[in-house]
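model28.pdb follows (PDB, C-alpha atoms and all ligand atoms):
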ATOM      1  CA  MET S  29       0.000   0.000   0.000
ATOM      2  CA  LYS S  30       2.799   2.352   1.002
ATOM      3  CA  CYS S  31       4.572   1.595  -2.307
ATOM      4  CA  LEU S  32       1.394   2.333  -4.234
ATOM      5  CA  ILE S  33       0.993   5.729  -2.544
ATOM      6  CA  VAL S  34       4.636   6.613  -3.303
ATOM      7  CA  ALA S  35       4.232   5.503  -6.929
ATOM      8  CA  MET S  36       1.049   7.569  -7.296
ATOM      9  CA  ALA S  37       2.742  10.604  -5.766
ATOM     10  CA  MET S  38       5.659  10.220  -8.196
ATOM     11  CA  MET S  39       3.274   9.914 -11.124
ATOM     12  CA  ALA S  40       1.436  13.069 -10.042
ATOM     13  CA  LEU S  41       4.777  14.888  -9.825
ATOM     14  CA  ALA S  42       5.752  13.707 -13.313
ATOM     15  CA  ILE S  43       2.427  14.909 -14.721
ATOM     16  CA  THR S  44       2.858  18.320 -13.042
ATOM     17  CA  ASN S  45       6.368  18.682 -14.487
ATOM     18  CA  SER S  46       5.420  17.647 -17.993
ATOM     19  CA  ALA S  47       2.456  20.036 -17.933
ATOM     20  CA  VAL S  48       4.857  22.924 -17.350
ATOM     21  CA  ALA S  49       7.352  22.108 -20.134
ATOM     22  CA  ALA S  50       6.004  22.473 -23.657
ATOM     23  CA  SER S  51       7.472  20.741 -26.704
ATOM     24  CA  ARG S  52       8.198  23.183 -29.498
ATOM     25  CA  SER S  53       9.453  22.371 -32.999
ATOM     26  CA  PHE S  54      10.781  24.852 -35.510
ATOM     27  CA  GLU S  55      12.483  24.653 -38.896
ATOM     28  CA  MET S  56      14.897  27.076 -40.560
ATOM     29  CA  ASN S  57      16.740  27.342 -43.874
ATOM     30  CA  ILE S  58      20.186  28.872 -44.254
ATOM     31  CA  GLN S  59      20.202  30.821 -47.522
ATOM     32  CA  ASP S  60      22.559  33.059 -49.486
ATOM     33  CA  THR S  61      20.822  36.403 -49.041
ATOM     34  CA  GLU S  62      21.627  39.963 -50.007
ATOM     35  CA  ILE S  63      20.745  42.563 -47.403
ATOM     36  CA  THR S  64      21.131  46.351 -47.432
ATOM     37  CA  LEU S  65      22.821  47.882 -44.391
ATOM     38  CA  VAL S  66      22.113  51.512 -45.320
ATOM     39  CA  ASN S  67      21.983  53.642 -48.503
ATOM     40  CA  ASN S  68      23.274  51.387 -51.280
ATOM     41  CA  GLN S  69      25.581  49.289 -49.140
ATOM     42  CA  LYS S  70      24.565  45.726 -49.945
ATOM     43  CA  TYR S  71      26.044  42.719 -48.159
ATOM     44  CA  HIS S  72      26.134  39.029 -49.049
ATOM     45  CA  THR S  73      24.985  37.032 -46.001
ATOM     46  CA  PHE S  74      24.205  33.404 -45.145
ATOM     47  CA  ALA S  75      20.935  34.337 -43.511
ATOM     48  CA  PHE S  76      18.604  32.143 -41.466
ATOM     49  CA  ASN S  77      15.267  32.137 -43.322
ATOM     50  CA  GLY S  78      16.619  34.918 -45.553
ATOM     51  CA  GLN S  79      16.680  37.528 -42.830
ATOM     52  CA  VAL S  80      19.170  39.407 -40.623
ATOM     53  CA  PRO S  81      18.703  39.227 -37.677
ATOM     54  CA  ALA S  82      17.502  35.635 -37.847
ATOM     55  CA  PRO S  83      14.004  34.681 -36.639
ATOM     56  CA  LEU S  84      13.173  35.276 -32.986
ATOM     57  CA  ILE S  85      12.963  32.024 -31.074
ATOM     58  CA  TYR S  86      10.889  32.694 -27.949
ATOM     59  CA  VAL S  87      10.282  29.823 -25.525
ATOM     60  CA  ASP S  88       9.514  29.151 -21.887
ATOM     61  CA  GLU S  89      12.148  28.037 -19.398
ATOM     62  CA  GLY S  90      12.281  24.249 -19.358
ATOM     63  CA  ASP S  91      10.660  23.805 -22.782
ATOM     64  CA  ASP S  92      11.740  20.905 -24.903
ATOM     65  CA  VAL S  93      12.870  22.519 -28.172
ATOM     66  CA  THR S  94      13.568  20.952 -31.564
ATOM     67  CA  VAL S  95      15.039  22.999 -34.421
ATOM     68  CA  VAL S  96      15.573  21.484 -37.864
ATOM     69  CA  VAL S  97      18.164  23.391 -39.907
ATOM     70  CA  ASN S  98      18.464  22.991 -43.677
ATOM     71  CA  ASN S  99      21.658  24.261 -45.259
ATOM     72  CA  LEU S 100      20.829  25.641 -48.717
ATOM     73  CA  THR S 101      24.178  27.407 -49.159
ATOM     74  CA  ALA S 102      27.487  26.219 -50.617
ATOM     75  CA  MET S 103      29.303  26.514 -47.237
ATOM     76  CA  ASN S 104      29.335  24.429 -44.058
ATOM     77  CA  HIS S 105      27.418  25.744 -41.044
ATOM     78  CA  THR S 106      26.157  24.821 -37.558
ATOM     79  CA  ILE S 107      24.160  26.579 -34.861
ATOM     80  CA  HIS S 108      25.558  27.293 -31.429
ATOM     81  CA  TRP S 109      22.888  28.186 -28.854
ATOM     82  CA  HIS S 110      24.759  30.833 -26.909
ATOM     83  CA  GLY S 111      23.845  30.781 -23.226
ATOM     84  CA  LEU S 112      22.112  27.396 -23.045
ATOM     85  CA  LEU S 113      23.576  25.044 -20.455
ATOM     86  CA  GLN S 114      22.982  21.878 -22.517
ATOM     87  CA  LYS S 115      23.204  19.632 -19.427
ATOM     88  CA  ASN S 116      23.927  16.042 -20.468
ATOM     89  CA  ASN S 117      23.414  17.284 -23.992
ATOM     90  CA  TRP S 118      26.817  18.569 -25.144
ATOM     91  CA  LYS S 119      26.453  17.162 -28.629
ATOM     92  CA  MET S 120      23.810  19.810 -29.307
ATOM     93  CA  ASP S 121      26.204  22.701 -28.620
ATOM     94  CA  GLY S 122      26.836  23.305 -32.306
ATOM     95  CA  VAL S 123      30.628  23.426 -32.552
ATOM     96  CA  PRO S 124      31.983  21.786 -35.717
ATOM     97  CA  GLY S 125      34.779  19.298 -35.116
ATOM     98  CA  VAL S 126      34.097  19.311 -31.353
ATOM     99  CA  THR S 127      30.447  18.427 -30.758
ATOM    100  CA  GLN S 128      29.296  17.514 -34.283
ATOM    101  CA  GLU S 129      30.306  17.427 -37.921
ATOM    102  CA  ALA S 130      29.439  20.645 -39.727
ATOM    103  CA  ILE S 131      26.181  20.657 -41.687
ATOM    104  CA  LYS S 132      27.302  20.326 -45.290
ATOM    105  CA  PRO S 133      25.697  22.053 -48.284
ATOM    106  CA  GLY S 134      22.329  20.473 -49.031
ATOM    107  CA  GLU S 135      22.226  18.659 -45.681
ATOM    108  CA  SER S 136      20.035  19.092 -42.615
ATOM    109  CA  PHE S 137      20.583  18.719 -38.906
ATOM    110  CA  THR S 138      18.145  18.512 -36.008
ATOM    111  CA  TYR S 139      18.978  20.282 -32.762
ATOM    112  CA  HIS S 140      17.167  19.199 -29.660
ATOM    113  CA  PHE S 141      17.586  20.898 -26.300
ATOM    114  CA  LYS S 142      16.007  22.012 -23.073
ATOM    115  CA  ALA S 143      15.542  25.774 -22.723
ATOM    116  CA  GLU S 144      17.610  26.636 -19.665
ATOM    117  CA  PRO S 145      18.550  28.998 -18.162
ATOM    118  CA  ALA S 146      16.004  31.774 -18.732
ATOM    119  CA  GLY S 147      16.912  35.178 -20.127
ATOM    120  CA  THR S 148      18.289  36.970 -23.163
ATOM    121  CA  LEU S 149      20.235  34.368 -25.141
ATOM    122  CA  TRP S 150      21.150  34.225 -28.807
ATOM    123  CA  TYR S 151      22.150  31.771 -31.482
ATOM    124  CA  HIS S 152      24.761  31.905 -34.211
ATOM    125  CA  CYS S 153      26.732  29.792 -36.635
ATOM    126  CA  HIS S 154      29.946  28.315 -35.212
ATOM    127  CA  VAL S 155      31.735  27.513 -38.483
ATOM    128  CA  ASN S 156      34.443  30.061 -39.345
ATOM    129  CA  THR S 157      32.858  32.516 -36.931
ATOM    130  CA  ASN S 158      35.294  35.262 -38.036
ATOM    131  CA  GLU S 159      33.413  35.412 -41.280
ATOM    132  CA  HIS S 160      30.033  33.740 -40.710
ATOM    133  CA  VAL S 161      29.138  35.606 -37.511
ATOM    134  CA  ASP S 162      31.078  38.838 -37.964
ATOM    135  CA  LEU S 163      30.341  39.411 -41.657
ATOM    136  CA  ARG S 164      27.551  37.136 -42.853
ATOM    137  CA  GLY S 165      24.690  37.913 -40.483
ATOM    138  CA  MET S 166      24.354  34.418 -38.996
ATOM    139  CA  TRP S 167      22.749  35.385 -35.693
ATOM    140  CA  GLY S 168      19.369  35.743 -34.065
ATOM    141  CA  PRO S 169      17.747  36.182 -30.648
ATOM    142  CA  LEU S 170      16.749  33.293 -28.374
ATOM    143  CA  ILE S 171      14.587  34.571 -25.533
ATOM    144  CA  VAL S 172      13.749  32.175 -22.714
ATOM    145  CA  ARG S 173      10.850  33.396 -20.572
ATOM    146  CA  PRO S 174      11.548  32.689 -16.888
ATOM    147  CA  LYS S 175       9.369  30.501 -14.687
ATOM    148  CA  HIS S 176       9.974  32.934 -11.860
ATOM    149  CA  PRO S 177      10.395  36.461 -13.248
ATOM    150  CA  THR S 178      11.993  39.095 -11.020
ATOM    151  CA  ALA S 179       9.744  41.741  -9.452
ATOM    152  CA  LEU S 180      11.404  44.339 -11.705
ATOM    153  CA  GLU S 181      10.891  42.508 -15.002
ATOM    154  CA  LYS S 182       7.237  41.868 -14.139
ATOM    155  CA  THR S 183       6.713  45.635 -14.420
ATOM    156  CA  VAL S 184       8.046  45.844 -18.024
ATOM    157  CA  THR S 185       5.484  47.091 -20.575
ATOM    158  CA  ALA S 186       7.692  47.571 -23.657
ATOM    159  CA  ASP S 187      10.425  45.116 -24.635
ATOM    160  CA  PHE S 188      13.008  45.666 -27.416
ATOM    161  CA  ILE S 189      15.887  43.570 -28.823
ATOM    162  CA  LEU S 190      18.959  45.388 -30.223
ATOM    163  CA  MET S 191      21.653  43.250 -31.891
ATOM    164  CA  LEU S 192      24.877  45.203 -32.531
ATOM    165  CA  SER S 193      27.299  44.394 -35.378
ATOM    166  CA  GLU S 194      30.081  45.693 -37.579
ATOM    167  CA  TRP S 195      30.789  45.097 -41.269
ATOM    168  CA  ASP S 196      33.825  45.670 -43.489
ATOM    169  CA  SER S 197      32.491  46.759 -46.905
ATOM    170  CA  LYS S 198      35.453  45.296 -48.778
ATOM    171  CA  TRP S 199      34.091  41.776 -48.172
ATOM    172  CA  ALA S 200      30.465  42.660 -48.999
ATOM    173  CA  ASP S 201      30.351  40.671 -52.257
ATOM    174  CA  LYS S 202      33.047  38.114 -51.452
ATOM    175  CA  PRO S 203      31.397  35.248 -49.565
ATOM    176  CA  GLY S 204      34.005  32.794 -48.345
ATOM    177  CA  PHE S 205      36.478  35.559 -47.527
ATOM    178  CA  GLY S 206      37.048  38.082 -44.756
ATOM    179  CA  GLY S 207      37.161  38.080 -40.978
ATOM    180  CA  LEU S 208      40.872  38.841 -40.674
ATOM    181  CA  PRO S 209      42.706  40.805 -37.971
ATOM    182  CA  THR S 210      43.452  43.428 -40.613
ATOM    183  CA  ASP S 211      39.744  44.048 -41.322
ATOM    184  CA  GLN S 212      38.584  47.612 -40.862
ATOM    185  CA  PRO S 213      34.842  47.665 -40.252
ATOM    186  CA  ASP S 214      33.255  50.743 -41.814
ATOM    187  CA  TYR S 215      29.549  49.972 -41.310
ATOM    188  CA  PHE S 216      27.890  49.514 -37.920
ATOM    189  CA  THR S 217      24.346  48.345 -37.378
ATOM    190  CA  ILE S 218      21.491  47.770 -34.954
ATOM    191  CA  ASN S 219      19.457  44.756 -36.115
ATOM    192  CA  GLY S 220      21.267  44.886 -39.457
ATOM    193  CA  LYS S 221      20.472  48.536 -40.234
ATOM    194  CA  ALA S 222      22.504  51.727 -39.793
ATOM    195  CA  PHE S 223      21.181  55.214 -38.978
ATOM    196  CA  PRO S 224      19.170  56.837 -40.491
ATOM    197  CA  GLU S 225      17.594  53.653 -41.885
ATOM    198  CA  VAL S 226      17.009  52.137 -38.452
ATOM    199  CA  GLN S 227      13.631  52.453 -36.801
ATOM    200  CA  PRO S 228      12.940  54.603 -33.760
ATOM    201  CA  ILE S 229      12.202  52.952 -30.427
ATOM    202  CA  ARG S 230       8.610  54.043 -29.792
ATOM    203  CA  VAL S 231       7.440  54.319 -26.192
ATOM    204  CA  LYS S 232       4.739  56.124 -24.291
ATOM    205  CA  GLU S 233       5.018  57.999 -21.038
ATOM    206  CA  GLY S 234       4.668  55.598 -18.124
ATOM    207  CA  ASP S 235       6.072  52.591 -19.972
ATOM    208  CA  VAL S 236       8.659  50.472 -18.213
ATOM    209  CA  VAL S 237      11.117  49.868 -21.031
ATOM    210  CA  ARG S 238      13.433  46.898 -21.399
ATOM    211  CA  ILE S 239      16.268  47.140 -23.923
ATOM    212  CA  ARG S 240      17.983  43.818 -24.576
ATOM    213  CA  LEU S 241      21.445  44.538 -26.008
ATOM    214  CA  ILE S 242      23.228  41.667 -27.738
ATOM    215  CA  GLY S 243      26.838  42.010 -28.939
ATOM    216  CA  THR S 244      26.984  39.856 -32.068
ATOM    217  CA  GLY S 245      30.159  41.137 -33.716
ATOM    218  CA  ASP S 246      33.760  41.399 -32.634
ATOM    219  CA  LYS S 247      33.961  44.972 -31.373
ATOM    220  CA  MET S 248      33.030  46.739 -28.152
ATOM    221  CA  HIS S 249      30.098  49.163 -28.168
ATOM    222  CA  SER S 250      29.502  51.867 -25.582
ATOM    223  CA  ILE S 251      25.764  52.417 -25.623
ATOM    224  CA  HIS S 252      24.506  55.700 -24.216
ATOM    225  CA  ILE S 253      20.832  56.620 -23.771
ATOM    226  CA  HIS S 254      20.012  60.326 -23.457
ATOM    227  CA  GLY S 255      17.523  61.744 -20.951
ATOM    228  CA  HIS S 256      17.253  58.669 -18.733
ATOM    229  CA  ASP S 257      19.190  56.680 -16.208
ATOM    230  CA  PHE S 258      18.642  52.970 -16.601
ATOM    231  CA  LEU S 259      19.202  49.918 -14.473
ATOM    232  CA  ILE S 260      21.631  47.383 -15.855
ATOM    233  CA  ALA S 261      19.342  44.635 -14.613
ATOM    234  CA  PHE S 262      20.590  41.488 -16.381
ATOM    235  CA  LYS S 263      24.002  40.332 -17.589
ATOM    236  CA  ASP S 264      24.086  37.408 -20.052
ATOM    237  CA  GLY S 265      20.479  36.614 -19.248
ATOM    238  CA  GLN S 266      20.990  36.435 -15.484
ATOM    239  CA  PRO S 267      19.325  38.913 -13.109
ATOM    240  CA  LEU S 268      21.880  40.995 -11.178
ATOM    241  CA  LYS S 269      21.354  40.957  -7.415
ATOM    242  CA  SER S 270      22.318  44.631  -7.271
ATOM    243  CA  PRO S 271      21.391  46.281 -10.578
ATOM    244  CA  ILE S 272      23.672  49.172 -11.540
ATOM    245  CA  ILE S 273      22.258  52.623 -12.280
ATOM    246  CA  ALA S 274      23.949  54.023 -15.386
ATOM    247  CA  ASP S 275      23.493  56.060 -18.555
ATOM    248  CA  THR S 276      26.174  54.252 -20.595
ATOM    249  CA  VAL S 277      27.023  50.572 -20.807
ATOM    250  CA  LEU S 278      30.002  48.964 -22.516
ATOM    251  CA  ILE S 279      29.082  45.703 -24.224
ATOM    252  CA  GLY S 280      31.620  43.279 -25.677
ATOM    253  CA  PRO S 281      31.371  40.472 -28.224
ATOM    254  CA  GLY S 282      28.926  37.759 -27.156
ATOM    255  CA  GLU S 283      27.665  39.689 -24.129
ATOM    256  CA  ARG S 284      24.084  40.639 -23.339
ATOM    257  CA  TYR S 285      22.863  43.409 -21.084
ATOM    258  CA  ASP S 286      19.205  44.048 -20.326
ATOM    259  CA  LEU S 287      18.561  47.687 -19.435
ATOM    260  CA  ILE S 288      15.332  48.653 -17.694
ATOM    261  CA  PHE S 289      14.042  52.193 -17.168
ATOM    262  CA  LYS S 290      10.865  54.175 -16.644
ATOM    263  CA  ALA S 291       9.744  56.269 -19.605
ATOM    264  CA  ASP S 292       9.186  59.406 -17.547
ATOM    265  CA  ASN S 293      10.702  62.126 -19.732
ATOM    266  CA  PRO S 294       8.656  62.746 -22.907
ATOM    267  CA  GLY S 295      10.617  63.866 -25.929
ATOM    268  CA  ARG S 296      12.974  62.474 -28.565
ATOM    269  CA  TRP S 297      16.134  61.024 -27.122
ATOM    270  CA  MET S 298      19.248  59.726 -28.847
ATOM    271  CA  VAL S 299      20.538  56.225 -28.268
ATOM    272  CA  HIS S 300      24.028  55.803 -29.701
ATOM    273  CA  ASP S 301      27.370  54.101 -29.569
ATOM    274  CA  HIS S 302      29.773  56.463 -27.820
ATOM    275  CA  ILE S 303      32.683  54.920 -29.705
ATOM    276  CA  GLU S 304      32.515  57.703 -32.268
ATOM    277  CA  SER S 305      34.150  55.698 -35.039
ATOM    278  CA  HIS S 306      31.073  53.413 -34.886
ATOM    279  CA  THR S 307      28.706  56.235 -35.875
ATOM    280  CA  VAL S 308      29.693  56.390 -39.533
ATOM    281  CA  ASN S 309      28.369  54.869 -42.761
ATOM    282  CA  GLY S 310      31.481  54.094 -44.773
ATOM    283  CA  LYS S 311      33.478  57.297 -44.800
ATOM    284  CA  GLN S 312      30.440  59.397 -43.902
ATOM    285  CA  PRO S 313      29.504  60.545 -40.379
ATOM    286  CA  MET S 314      26.841  60.508 -38.848
ATOM    287  CA  GLY S 315      25.333  57.067 -39.146
ATOM    288  CA  GLY S 316      26.055  53.619 -37.788
ATOM    289  CA  ILE S 317      24.858  52.603 -34.340
ATOM    290  CA  MET S 318      22.376  55.338 -33.491
ATOM    291  CA  THR S 319      18.623  55.479 -33.032
ATOM    292  CA  VAL S 320      16.037  57.585 -31.240
ATOM    293  CA  ILE S 321      13.626  56.879 -28.411
ATOM    294  CA  GLU S 322      10.400  58.561 -29.561
ATOM    295  CA  TYR S 323       7.667  59.235 -27.053
ATOM    296  CA  ALA S 324       4.091  59.088 -28.335
ATOM    297  CA  GLY S 325       2.494  62.503 -28.641
ATOM    298  CA  ILE S 326       5.627  64.522 -29.467
ATOM    299  CA  PRO S 327       4.792  66.558 -32.594
ATOM    300  CA  ASN S 328       6.976  65.947 -35.631
ATOM    301  CA  ASP S 329       9.401  68.636 -36.820
ATOM    302  CA  PRO S 330      10.418  69.156 -40.447
ATOM    303  CA  TRP S 331      14.088  68.893 -39.526
ATOM    304  CA  TYR S 332      13.746  65.687 -37.515
ATOM    305  CA  GLU S 333      16.017  63.129 -39.182
ATOM    306  CA  LEU S 334      13.715  60.136 -38.676
ATOM    307  CA  GLY S 335      10.597  62.277 -39.138
ATOM    308  CA  SER S 336       9.909  61.447 -42.776
ATOM    309  CA  HIS S 337      10.643  57.800 -42.202
ATOM    310  CA  LYS S 338       8.007  55.146 -42.737
ATOM    311  CA  PHE S 339       7.516  53.519 -39.355
ATOM    312  CA  VAL S 340       7.828  49.728 -39.482
ATOM    313  CA  PRO S 341       6.728  48.028 -36.295
ATOM    314  CA  ASN S 342       8.468  44.945 -34.932
ATOM    315  CA  PHE S 343      11.955  46.152 -35.944
ATOM    316  CA  TYR S 344      13.009  45.363 -32.391
ATOM    317  CA  TYR S 345      10.708  42.301 -32.218
ATOM    318  CA  GLU S 346       8.621  44.324 -29.774
ATOM    319  CA  ASP S 347       5.317  43.075 -31.228
ATOM    320  CA  SER S 348       6.467  39.454 -31.344
ATOM    321  CA  LEU S 349       7.634  39.589 -27.727
ATOM    322  CA  LYS S 350       4.144  40.779 -26.687
ATOM    323  CA  LYS S 351       2.604  37.671 -28.266
ATOM    324  CA  GLY S 352       4.480  35.240 -26.043
ATOM    325  CA  PRO S 353       6.433  32.096 -26.950
ATOM    326  CA  GLY S 354       6.678  31.110 -30.589
ATOM    327  CA  PHE S 355       8.845  31.355 -33.684
ATOM    328  CA  TYR S 356       8.839  34.729 -35.409
ATOM    329  CA  ASN S 357      10.056  35.653 -38.857
ATOM    330  CA  ALA S 358       9.947  39.401 -39.526
ATOM    331  CA  ASP S 359       9.358  40.927 -42.970
ATOM    332  CA  VAL S 360      11.327  44.012 -41.994
ATOM    333  CA  PHE S 361      14.556  41.946 -41.893
ATOM    334  CA  GLN S 362      13.948  39.989 -45.082
ATOM    335  CA  GLY S 363      16.728  40.284 -47.671
ATOM    336  CA  LYS S 364      16.840  39.158 -51.298
ATOM    337  CA  VAL S 365      17.588  35.473 -51.627
ATOM    338  CA  ILE S 366      20.493  34.877 -54.048
ATOM    339  CA  GLU S 367      19.785  31.905 -56.312
TER
HETATM  340 CU    CU F 401      28.145  29.339 -40.982
END
Let me see whether you can do it: turn the structure in this file into structure tokens.
Amino acid sequence: MKCLIVAMAMMALAITNSAVAASRSFEMNIQDTEITLVNNQKYHTFAFNGQVPAPLIYVDEGDDVTVVVNNLTAMNHTIHWHGLLQKNNWKMDGVPGVTQEAIKPGESFTYHFKAEPAGTLWYHCHVNTNEHVDLRGMWGPLIVRPKHPTALEKTVTADFILMLSEWDSKWADKPGFGGLPTDQPDYFTINGKAFPEVQPIRVKEGDVVRIRLIGTGDKMHSIHIHGHDFLIAFKDGQPLKSPIIADTVLIGPGERYDLIFKADNPGRWMVHDHIESHTVNGKQPMGGIMTVIEYAGIPNDPWYELGSHKFVPNFYYEDSLKKGPGFYNADVFQGKVIE
């Protein structure tokens, strides 16, 4: 009898656990894709689903995730899931020659993992990262929603993802080359676009804003937000016990910082890289890593640089993040597939 009760209790526990973790399956193609960084600066990428950044993968902590990847390019690739612990699952870590053979042209591979820990993670190719990650746009956000959110993050009403990168234009149309120590990046982007072709970050007074910075390239970026102090609340997806109050944060390659602040100062406020050489487009200042926080209700001005711009929502995946877990392509990032 005692055994039966224990067995029933264990079964109940198993049911409770499985009810929490969802199984989610996604599929992606890697495709030769031409994107435009700004003006007429095109770039040959190996994009996931033909877009840079890659699709947003948004799951719950503990979910059982399957991702099928089809390599439609002429190069080898893999996916590394940056930030996942992969406990007892190291062969899913996506490193060619260490955890798996690279996915060859025309081949597919199925990744299977548990989504842990929670937070702002990302994914990227791990074959010839110098070129594939730094110059060919092979990166996207992986957001794992926590089972137990912090009191601070529960207050967030507007959530934005900003992936920061650099590009050397001399390799733009030379896939298979580039990513050398002698490279001199001359284009700098947020979510694959440079100012003034980025989108503004639209908020309304009273919002609690979360900015998820992801360093996808190989340079440092010193991100400054005007008119607000923010809390550096998360580092690499993990909540900081003592968040730091700041107006500038230095983010290095691979790092993530989640900034949280109250939108309490209506106006238009610059957000920019304070490494001044990163605010150019080619030889031309001002451009690169800059955008504007726009409060709702501020009248337009004829001289406002983003004022004549067609607003495209979801440039920071803000709409997708509101919808909850799922797999999100975004038209705004779609390039031209190269046959
Ligand atoms: Cu690759």
Close residues, Phe54 of chain S itself excluded, 10 Å, all atoms listed in the file, min 6 positions apart in chain, as a ChimeraX atom specification: /S:85,93-97,138-139,354-355
Surroundings of ligand CU 401 (chain F) up to 10 Å, based on only C-alpha atoms and all ligand atoms, as a list of chain:residue names: S:Ile58, S:Thr73, S:Phe74, S:Ala75, S:Phe76, S:Asn99, S:Thr101, S:Met103, S:Asn104, S:His105, S:Thr106, S:Ile107, S:Pro124, S:Ala130, S:Ile131, S:His152, S:Cys153, S:His154, S:Val155, S:Asn156, S:Thr157, S:Asn158, S:Glu159, S:His160, S:Val161, S:Arg164, S:Gly165, S:Met166, S:Trp167
Please write the residues from the selection above to a file, keeping C-alpha atoms, as a PDB file, in the coordinates of the input.
ATOM      1  CA  ILE S  58      20.186  28.872 -44.254  1.00  0.00           C
ATOM      2  CA  THR S  73      24.985  37.032 -46.001  1.00  0.00           C
ATOM      3  CA  PHE S  74      24.205  33.404 -45.145  1.00  0.00           C
ATOM      4  CA  ALA S  75      20.935  34.337 -43.511  1.00  0.00           C
ATOM      5  CA  PHE S  76      18.604  32.143 -41.466  1.00  0.00           C
ATOM      6  CA  ASN S  99      21.658  24.261 -45.259  1.00  0.00           C
ATOM      7  CA  THR S 101      24.178  27.407 -49.159  1.00  0.00           C
ATOM      8  CA  MET S 103      29.303  26.514 -47.237  1.00  0.00           C
ATOM      9  CA  ASN S 104      29.335  24.429 -44.058  1.00  0.00           C
ATOM     10  CA  HIS S 105      27.418  25.744 -41.044  1.00  0.00           C
ATOM     11  CA  THR S 106      26.157  24.821 -37.558  1.00  0.00           C
ATOM     12  CA  ILE S 107      24.160  26.579 -34.861  1.00  0.00           C
ATOM     13  CA  PRO S 124      31.983  21.786 -35.717  1.00  0.00           C
ATOM     14  CA  ALA S 130      29.439  20.645 -39.727  1.00  0.00           C
ATOM     15  CA  ILE S 131      26.181  20.657 -41.687  1.00  0.00           C
ATOM     16  CA  HIS S 152      24.761  31.905 -34.211  1.00  0.00           C
ATOM     17  CA  CYS S 153      26.732  29.792 -36.635  1.00  0.00           C
ATOM     18  CA  HIS S 154      29.946  28.315 -35.212  1.00  0.00           C
ATOM     19  CA  VAL S 155      31.735  27.513 -38.483  1.00  0.00           C
ATOM     20  CA  ASN S 156      34.443  30.061 -39.345  1.00  0.00           C
ATOM     21  CA  THR S 157      32.858  32.516 -36.931  1.00  0.00           C
ATOM     22  CA  ASN S 158      35.294  35.262 -38.036  1.00  0.00           C
ATOM     23  CA  GLU S 159      33.413  35.412 -41.280  1.00  0.00           C
ATOM     24  CA  HIS S 160      30.033  33.740 -40.710  1.00  0.00           C
ATOM     25  CA  VAL S 161      29.138  35.606 -37.511  1.00  0.00           C
ATOM     26  CA  ARG S 164      27.551  37.136 -42.853  1.00  0.00           C
ATOM     27  CA  GLY S 165      24.690  37.913 -40.483  1.00  0.00           C
ATOM     28  CA  MET S 166      24.354  34.418 -38.996  1.00  0.00           C
ATOM     29  CA  TRP S 167      22.749  35.385 -35.693  1.00  0.00           C
TER      30      TRP S 167
END
Residue with smallest distance to Trp118 of chain S - pool S:Asp88, S:Lys364, S:Tyr356, S:His140, counting all atoms listed in the file: S:His140
Atom-to-atom span, atom CA of Gly280 of chain S and atom CA of Ile317 of chain S, Å: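 Going from atom CA of Gly280 of chain S over to atom CA of Ile317 of chain S, I get 14.4 Å.
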S:Leu170, S:Phe137, S:Arg296, S:His176 ranked by distance to Asn328 of chain S, top pick (using only C-alpha atoms):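 Using only C-alpha atoms, Asn328 of chain S sits closest to S:Arg296.
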Residues within 10 Å of Asp246 of chain S, all atoms listed in the file, excluding chain neighbours under 3 positions, as an MDAnalysis selection string: chainID S and resid 157:158 161:163 192:195 207 213 243 249 280:282
Write the residues of the preceding selection, restricted to C-alpha atoms, as a PDB file, keeping the file's coordinate frame.
ATOM      1  CA  THR S 157      32.858  32.516 -36.931  1.00  0.00           C
ATOM      2  CA  ASN S 158      35.294  35.262 -38.036  1.00  0.00           C
ATOM      3  CA  VAL S 161      29.138  35.606 -37.511  1.00  0.00           C
ATOM      4  CA  ASP S 162      31.078  38.838 -37.964  1.00  0.00           C
ATOM      5  CA  LEU S 163      30.341  39.411 -41.657  1.00  0.00           C
ATOM      6  CA  LEU S 192      24.877  45.203 -32.531  1.00  0.00           C
ATOM      7  CA  SER S 193      27.299  44.394 -35.378  1.00  0.00           C
ATOM      8  CA  GLU S 194      30.081  45.693 -37.579  1.00  0.00           C
ATOM      9  CA  TRP S 195      30.789  45.097 -41.269  1.00  0.00           C
ATOM     10  CA  GLY S 207      37.161  38.080 -40.978  1.00  0.00           C
ATOM     11  CA  PRO S 213      34.842  47.665 -40.252  1.00  0.00           C
ATOM     12  CA  GLY S 243      26.838  42.010 -28.939  1.00  0.00           C
ATOM     13  CA  HIS S 249      30.098  49.163 -28.168  1.00  0.00           C
ATOM     14  CA  GLY S 280      31.620  43.279 -25.677  1.00  0.00           C
ATOM     15  CA  PRO S 281      31.371  40.472 -28.224  1.00  0.00           C
ATOM     16  CA  GLY S 282      28.926  37.759 -27.156  1.00  0.00           C
TER      17      GLY S 282
END
Top pick for closest residue to His252 of chain S, considering S:Val226, S:Arg173, S:Leu287, S:Glu322 and counting only C-alpha atoms: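 Using only C-alpha atoms, His252 of chain S sits closest to S:Leu287.
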Residue nearest Gly352 of chain S among S:Glu233, S:Thr217, S:Gly335, S:Leu84 (counting all atoms listed in the file): S:Leu84
Spatial neighbours of segment 60-62 of chain S, 12 Å, all atoms listed in the file, chain gap at least 3 places, as an MDAnalysis selection string: chainID S and resid 57 65 68:82 99:103 133 160 164:166 200:204 220 361:367
Atom CA of Gln266 of chain S to atom CA of Leu241 of chain S, distance in Å rounded to a single decimal: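 Taking atom CA of Gln266 of chain S as the start and atom CA of Leu241 of chain S as the end point, the length is 13.3 Å.
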Between atom CA of Phe339 of chain S and atom CA of Phe223 of chain S - distance in Å to one decimal: 13.8 Å
